[in-house]
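*Asks:* Pasting input-v4.txt here (compact mmCIF, C-alpha atoms):
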```
# COMPACT_ATOMS: atom_id res chain seq x y z
CA MET A 456 0.00 0.00 0.00
CA VAL A 457 2.69 2.51 1.02
CA PHE A 458 4.96 1.90 -1.95
CA SER A 459 2.04 1.74 -4.38
CA LEU A 460 0.57 5.02 -3.12
CA ALA A 461 3.93 6.76 -3.44
CA PHE A 462 4.56 5.18 -6.82
CA HIS A 463 1.23 6.27 -8.32
CA PHE A 464 1.65 9.74 -6.90
CA LEU A 465 5.31 10.28 -7.89
CA ARG A 466 5.55 7.96 -10.93
CA ASP A 467 9.14 7.23 -10.07
CA THR A 468 10.25 3.92 -8.58
CA GLY A 469 13.33 5.38 -6.88
CA ALA A 470 11.43 8.29 -5.35
CA ALA A 471 8.58 5.98 -4.28
CA GLU A 472 11.10 3.66 -2.59
CA GLU A 473 12.71 6.61 -0.82
CA VAL A 474 9.36 7.91 0.44
CA ALA A 475 8.13 4.43 1.45
CA GLN A 476 11.38 3.71 3.29
CA ASP A 477 11.09 7.00 5.13
CA VAL A 478 7.49 6.22 6.08
CA PHE A 479 8.42 2.77 7.44
CA LEU A 480 11.29 4.26 9.40
CA ARG A 481 8.87 6.75 10.97
CA LEU A 482 6.48 3.88 11.67
CA TYR A 483 9.26 2.06 13.52
CA ARG A 484 10.00 5.18 15.57
CA GLU A 485 6.38 5.90 16.39
CA MET A 486 5.12 2.34 16.73
CA ASP A 487 4.43 2.74 20.47
CA GLY A 488 1.82 5.44 19.84
CA LEU A 489 -0.23 3.30 17.46
CA GLU A 490 -2.93 1.21 19.05
CA SER A 491 -4.59 -1.00 16.43
CA ASP A 492 -4.20 -2.32 12.88
CA LYS A 493 -6.84 0.16 11.73
CA HIS A 494 -4.93 2.99 13.37
CA VAL A 495 -1.69 1.82 11.71
CA THR A 496 -3.38 1.72 8.27
CA LEU A 497 -4.82 5.22 8.69
CA TRP A 498 -1.45 6.47 9.98
CA LEU A 499 0.40 4.91 7.03
CA ARG A 500 -1.99 6.44 4.49
CA LYS A 501 -1.83 9.81 6.20
CA VAL A 502 1.97 9.94 6.53
CA THR A 503 2.56 8.57 3.02
CA SER A 504 0.21 11.14 1.47
CA HIS A 505 1.78 14.07 3.28
CA ARG A 506 5.30 12.79 2.67
CA CYS A 507 4.53 12.42 -1.07
CA ILE A 508 3.25 16.00 -1.29
CA ASP A 509 6.33 17.28 0.57
CA TYR A 510 8.63 15.23 -1.65
CA LEU A 511 7.02 16.63 -4.78
CA ARG A 512 7.28 20.17 -3.44
CA LYS A 513 11.00 19.72 -2.71
CA ARG A 514 11.65 18.04 -6.06
CA ARG A 515 9.82 20.79 -7.93
CA SER A 516 12.06 23.37 -6.35
CA GLN A 517 15.10 21.39 -7.58
CA PHE A 518 13.95 20.26 -11.03
CA THR A 519 11.51 21.67 -13.49
CA ILE A 520 10.92 18.55 -15.58
CA SER A 521 7.23 18.06 -16.32
CA LEU A 522 5.76 14.80 -15.12
CA GLU A 523 4.20 14.45 -18.56
CA ASP A 524 7.72 14.19 -19.96
CA THR A 525 8.88 11.44 -17.67
CA ASN A 526 9.01 7.86 -18.86
CA GLU A 527 6.34 5.45 -17.79
CA PRO A 528 8.00 3.05 -15.32
CA SER A 529 7.99 -0.53 -16.47
CA ALA A 530 6.22 -3.47 -14.86
CA VAL A 531 3.09 -1.67 -13.71
CA GLU A 532 0.46 -4.26 -12.98
CA GLN A 533 -2.51 -3.37 -15.11
CA ARG A 534 -5.83 -4.58 -16.36
CA GLY A 535 -7.53 -3.35 -19.51
CA ASP A 536 -6.00 -1.35 -22.32
CA PRO A 537 -2.33 -0.60 -21.50
CA LEU A 538 -2.27 2.50 -23.69
CA LEU A 539 -5.38 3.92 -22.06
CA ASN A 540 -4.03 3.08 -18.60
CA ARG A 541 -0.76 4.80 -19.41
CA ARG A 542 -2.56 7.89 -20.69
CA LEU A 543 -4.77 8.00 -17.59
CA ARG A 544 -1.76 7.71 -15.29
CA GLN A 545 -0.03 10.52 -17.20
CA LEU A 546 -3.10 12.70 -16.86
CA ILE A 547 -3.40 11.95 -13.13
CA ALA A 548 0.31 12.71 -12.72
CA ALA A 549 -0.24 16.09 -14.35
CA LEU A 550 -2.82 17.08 -11.72
CA PRO A 551 -1.76 19.41 -8.88
CA ALA A 552 -0.57 17.63 -5.72
CA LYS A 553 -3.78 17.75 -3.64
CA PRO A 554 -6.24 16.61 -6.34
CA ARG A 555 -3.71 13.97 -7.41
CA ILE A 556 -3.40 12.40 -3.98
CA VAL A 557 -7.20 12.52 -3.64
CA MET A 558 -7.54 10.60 -6.92
CA VAL A 559 -4.91 8.04 -5.94
CA LEU A 560 -6.54 7.44 -2.55
CA ARG A 561 -9.96 7.17 -4.18
CA TYR A 562 -9.09 4.83 -7.05
CA GLN A 563 -6.09 2.90 -5.75
CA GLU A 564 -7.05 2.55 -2.12
CA ASP A 565 -10.80 2.56 -2.85
CA LEU A 566 -11.44 5.05 -0.03
CA THR A 567 -14.68 7.01 0.32
CA PRO A 568 -14.54 10.84 0.31
CA GLU A 569 -15.10 10.74 4.08
CA GLU A 570 -12.11 8.42 4.58
CA ILE A 571 -9.96 10.56 2.27
CA SER A 572 -10.99 13.61 4.25
CA GLU A 573 -9.76 11.89 7.44
CA VAL A 574 -6.46 10.85 5.84
CA LEU A 575 -5.69 14.24 4.33
CA GLU A 576 -7.26 16.27 7.13
CA MET A 577 -9.34 18.31 4.71
CA PRO A 578 -13.10 18.95 4.62
CA VAL A 579 -15.24 16.31 2.86
CA ARG A 580 -16.61 19.06 0.62
CA THR A 581 -13.12 19.89 -0.60
CA VAL A 582 -12.39 16.21 -1.28
CA LYS A 583 -15.62 15.87 -3.29
CA SER A 584 -14.85 19.05 -5.18
CA HIS A 585 -11.33 17.80 -6.05
CA LEU A 586 -12.80 14.48 -7.22
CA GLN A 587 -15.52 16.07 -9.35
CA ARG A 588 -13.20 18.60 -10.96
CA SER A 589 -10.43 16.06 -11.60
CA LEU A 590 -12.90 13.53 -13.04
CA ALA A 591 -14.42 16.14 -15.34
CA MET A 592 -10.99 17.29 -16.46
CA LEU A 593 -9.72 13.75 -17.04
CA ARG A 594 -12.89 12.78 -18.92
CA GLU A 595 -12.59 15.78 -21.16
CA LYS A 596 -8.89 15.20 -21.89
CA ILE A 597 -9.26 11.47 -22.48
CA GLU A 598 -12.27 12.03 -24.74
CA ARG A 599 -10.34 14.59 -26.68
CA SER A 600 -7.33 12.31 -27.12
CA MET A 601 -9.00 8.92 -27.48
CA GLY A 602 -12.66 9.50 -28.32
CA ASP A 603 -15.73 8.92 -26.20
CA ILE A 604 -15.16 6.02 -23.82
CA ARG A 605 -18.36 6.27 -21.78
CA MET B 1432 -18.83 3.79 -9.86
CA ASP B 1433 -19.25 4.33 -13.62
CA ASP B 1434 -17.16 2.90 -16.47
CA PHE B 1435 -14.72 5.78 -16.47
CA GLU B 1436 -14.11 5.42 -12.75
CA GLN B 1437 -13.57 1.69 -13.28
CA LEU B 1438 -10.95 2.59 -15.91
CA LEU B 1439 -9.23 4.83 -13.38
CA LYS B 1440 -9.29 2.02 -10.86
CA ASN B 1441 -7.66 -0.31 -13.39
CA ALA B 1442 -5.05 2.29 -14.28
CA LEU B 1443 -4.19 2.84 -10.63
CA GLY B 1444 -3.96 -0.84 -9.73
CA ARG B 1445 -1.76 -1.79 -6.80
CA LYS B 1446 1.91 -1.71 -7.67
CA GLU B 1447 3.99 -4.30 -5.84
CA GLN B 1448 7.16 -3.08 -4.16
CA PRO B 1449 10.51 -4.08 -5.74
CA PRO B 1450 11.94 -7.37 -4.40
CA ALA B 1451 14.86 -5.73 -2.59
CA PHE B 1452 12.67 -3.10 -0.92
CA GLU B 1453 12.00 -5.05 2.29
CA ALA B 1454 15.73 -5.67 2.79
CA LYS B 1455 16.40 -1.95 2.26
CA VAL B 1456 13.82 -1.02 4.91
CA PHE B 1457 15.31 -3.47 7.41
CA ALA B 1458 18.78 -2.10 6.64
CA ALA B 1459 17.52 1.46 7.19
CA VAL B 1460 15.94 0.45 10.52
CA ALA B 1461 19.18 -1.27 11.59
CA ASP B 1462 21.16 1.81 10.58
CA PHE B 1463 18.75 4.02 12.52
CA LYS B 1464 19.14 1.79 15.61
CA THR B 1465 22.95 2.00 15.35
CA ARG B 1466 22.89 5.77 14.92
CA ARG B 1467 20.50 6.12 17.87
CA ARG B 1468 22.76 3.93 20.05
CA ILE B 1469 25.81 6.00 19.07
CA PHE B 1470 23.88 9.20 19.74
CA TRP B 1471 22.83 8.06 23.23
CA ARG B 1472 26.34 6.88 24.06
CA TRP B 1473 27.77 10.25 23.04
CA ALA B 1474 24.97 12.10 24.82
CA SER B 1475 25.52 10.16 28.06
CA GLU B 1476 29.28 10.73 27.84
CA ILE B 1477 28.77 14.46 27.24
CA VAL B 1478 26.35 14.65 30.20
CA ALA B 1479 28.87 12.80 32.42
CA VAL B 1480 31.68 15.18 31.40
CA MET B 1481 29.41 18.19 32.00
CA LEU B 1482 28.41 16.90 35.45
CA LEU B 1483 32.06 16.31 36.33
CA ALA B 1484 33.05 19.78 35.09
CA GLY B 1485 30.11 21.26 37.02
CA GLY B 1486 31.26 19.47 40.17
CA PHE B 1487 34.80 20.76 39.79
CA TRP B 1488 33.54 24.27 39.09
CA MET B 1489 31.29 24.24 42.18
CA ARG B 1490 34.18 22.99 44.29
CA TYR B 1491 36.48 25.70 42.93
CA GLU B 1492 33.80 28.35 43.54
CA ARG B 1493 33.29 27.18 47.13
CA GLU B 1494 37.05 27.19 47.77
CA THR B 1495 37.36 30.69 46.30
CA GLN B 1496 34.49 31.91 48.50
CA ASP B 1497 35.98 30.22 51.58
CA ARG B 1498 39.37 31.77 50.84
CA ALA B 1499 37.80 35.22 50.41
CA ALA B 1500 35.84 34.82 53.65
CA GLY B 1501 39.05 33.72 55.44
CA GLU B 1502 40.94 36.71 54.08
CA ALA B 1503 38.16 39.05 55.24
CA ALA B 1504 38.14 37.50 58.73
CA LYS B 1505 41.93 37.80 58.93
CA ALA B 1506 41.75 41.47 57.92
CA ARG B 1507 39.06 42.13 60.57
CA LEU B 1508 41.15 40.38 63.24
CA GLN B 1509 44.25 42.38 62.28
CA LEU B 1510 42.25 45.62 62.50
CA ALA B 1511 40.86 44.63 65.90
CA LEU B 1512 44.35 43.79 67.17
CA LYS B 1513 45.69 47.10 65.86
CA VAL B 1514 42.86 48.99 67.61
CA THR B 1515 43.53 47.04 70.81
CA VAL B 1516 47.25 47.75 70.66
CA THR B 1517 46.55 51.48 70.13
CA GLU B 1518 44.10 51.57 73.08
CA LEU B 1519 46.49 49.64 75.33
CA SER B 1520 49.32 52.06 74.43
CA LYS B 1521 47.09 55.01 75.38
CA ILE B 1522 46.14 53.38 78.69
CA GLN B 1523 49.80 52.55 79.43
CA LYS B 1524 50.78 56.12 78.65
CA THR B 1525 48.09 57.48 80.97
CA VAL B 1526 49.11 55.10 83.79
CA ARG B 1527 52.79 56.03 83.36
CA THR B 1528 51.99 59.78 83.42
CA SER B 1529 49.91 59.48 86.62
CA THR B 1530 52.64 57.37 88.33
CA GLU B 1531 55.30 59.95 87.52
CA GLU B 1532 53.15 62.78 88.92
CA GLU B 1533 52.76 60.90 92.18
```
Would you mind giving the structure from this file in structure tokens?
*Replies:*
Amino acid sequence: MVFSLAFHFLRDTGAAEEVAQDVFLRLYREMDGLESDKHVTLWLRKVTSHRCIDYLRKRRSQFTISLEDTNEPSAVEQRGDPLLNRRLRQLIAALPAKPRIVMVLRYQEDLTPEEISEVLEMPVRTVKSHLQRSLAMLREKIERSMGDIR
Amino acid sequence: MDDFEQLLKNALGRKEQPPAFEAKVFAAVADFKTRRRIFWRWASEIVAVMLLAGGFWMRYERETQDRAAGEAAKARLQLALKVTVTELSKIQKTVRTSTEEE
């Protein structure tokens, strides 16, 4: 879950490994404060999401390479049309940090807007708004590049 | 969840971590433990040195204060003796003068 979240957010195996390793190290340090499996899962999602956003912010200040220009990492487990999946991942990667992490939590982790709101500590209304706007934008872009898929 | 959302779900399928990842995490945890142990050893040694230095400093301060107090007492005693000697000389002079008159 941790590596996958970081990977889909950052689209870089090395960066995802770095973030995931950092998250597990923090988990080891803060293990005593975590009471149950559910608490650990929520904590992992929360810390991974925030760490990913921070990582992206730091990386952006160092490099100005567009995520659209980066190569698609190999060996991504996928179902359906690989080309369409690749295009969708590129489009998600081009979203700003907050809507992007909302989309990853929603469609990778299968979380409800309420659960996402708890993980990201943002109002449910904001989560729903990010989802609606991102979905509309992705639909429009995918329709424009690949035709109507609905 | 409509078809488009299902497509998104497929595109964002779980990505398994690289095979060496677990070993890297364990290595990072071991490294962290080592660094923490070294840190605590250094910290305890620094605290011990500081306590020792503090002890020596307090002892030195007390000795300096004691010496100063001793010096002050000695000076007071010398003054008192001087005053006494002066008074005794006056008394002796007076006694001698009255004896000679008799």
*Asks:* With only C-alpha atoms as the basis for distance, which of A:Val495, A:Gln587, A:Gly488, A:Asp565 is at the shortest distance from chain B?
*Replies:*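 Checking each of A:Val495, A:Gln587, A:Gly488, A:Asp565 against chain B, counting only C-alpha atoms, the winner is A:Asp565.
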*Asks:* Which one is closest to Lys596 of chain A: A:Ser504, A:Gln476, A:Thr567, A:Gln545? Count all atoms listed in the file.
*Replies:* A:Gln545
*Asks:* Could you tell me which residues of chain B sit within 8 Å of chain A when counting all atoms listed in the file, and give me the result as JSON, numbers by chain?
*Replies:* {"B": [1434, 1435, 1436, 1438, 1439, 1440, 1441, 1442, 1443, 1444, 1445, 1446, 1447, 1448, 1452, 1455, 1456, 1459, 1460]}
*Asks:* Can you measure atom CA of Asp492 of chain A to atom CA of Leu575 of chain A for me? One decimal in Å is fine.
*Replies:*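 So the two atoms, atom CA of Asp492 of chain A and atom CA of Leu575 of chain A, lie 18.7 Å apart.
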*Asks:* Kindly give the distance, in Å, that separates atom CA of Glu573 of chain A and atom CA of Trp498 of chain A, rounded to a single decimal.
*Replies:* 10.2 Å
*Asks:* Just want the 8 Å neighbourhood of Pro568 of chain A, counted on all atoms listed in the file, with same-chain residues fewer than 6 positions away dropped. Output as a ChimeraX atom specification.
*Replies:* /A:561,579,582-583
*Asks:* Please indicate the distance in Å from atom CA of Ala552 of chain A to atom CA of Ile508 of chain A, rounded to one decimal place.
*Replies:*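 Interatomic distance, atom CA of Ala552 of chain A to atom CA of Ile508 of chain A: 6.1 Å.
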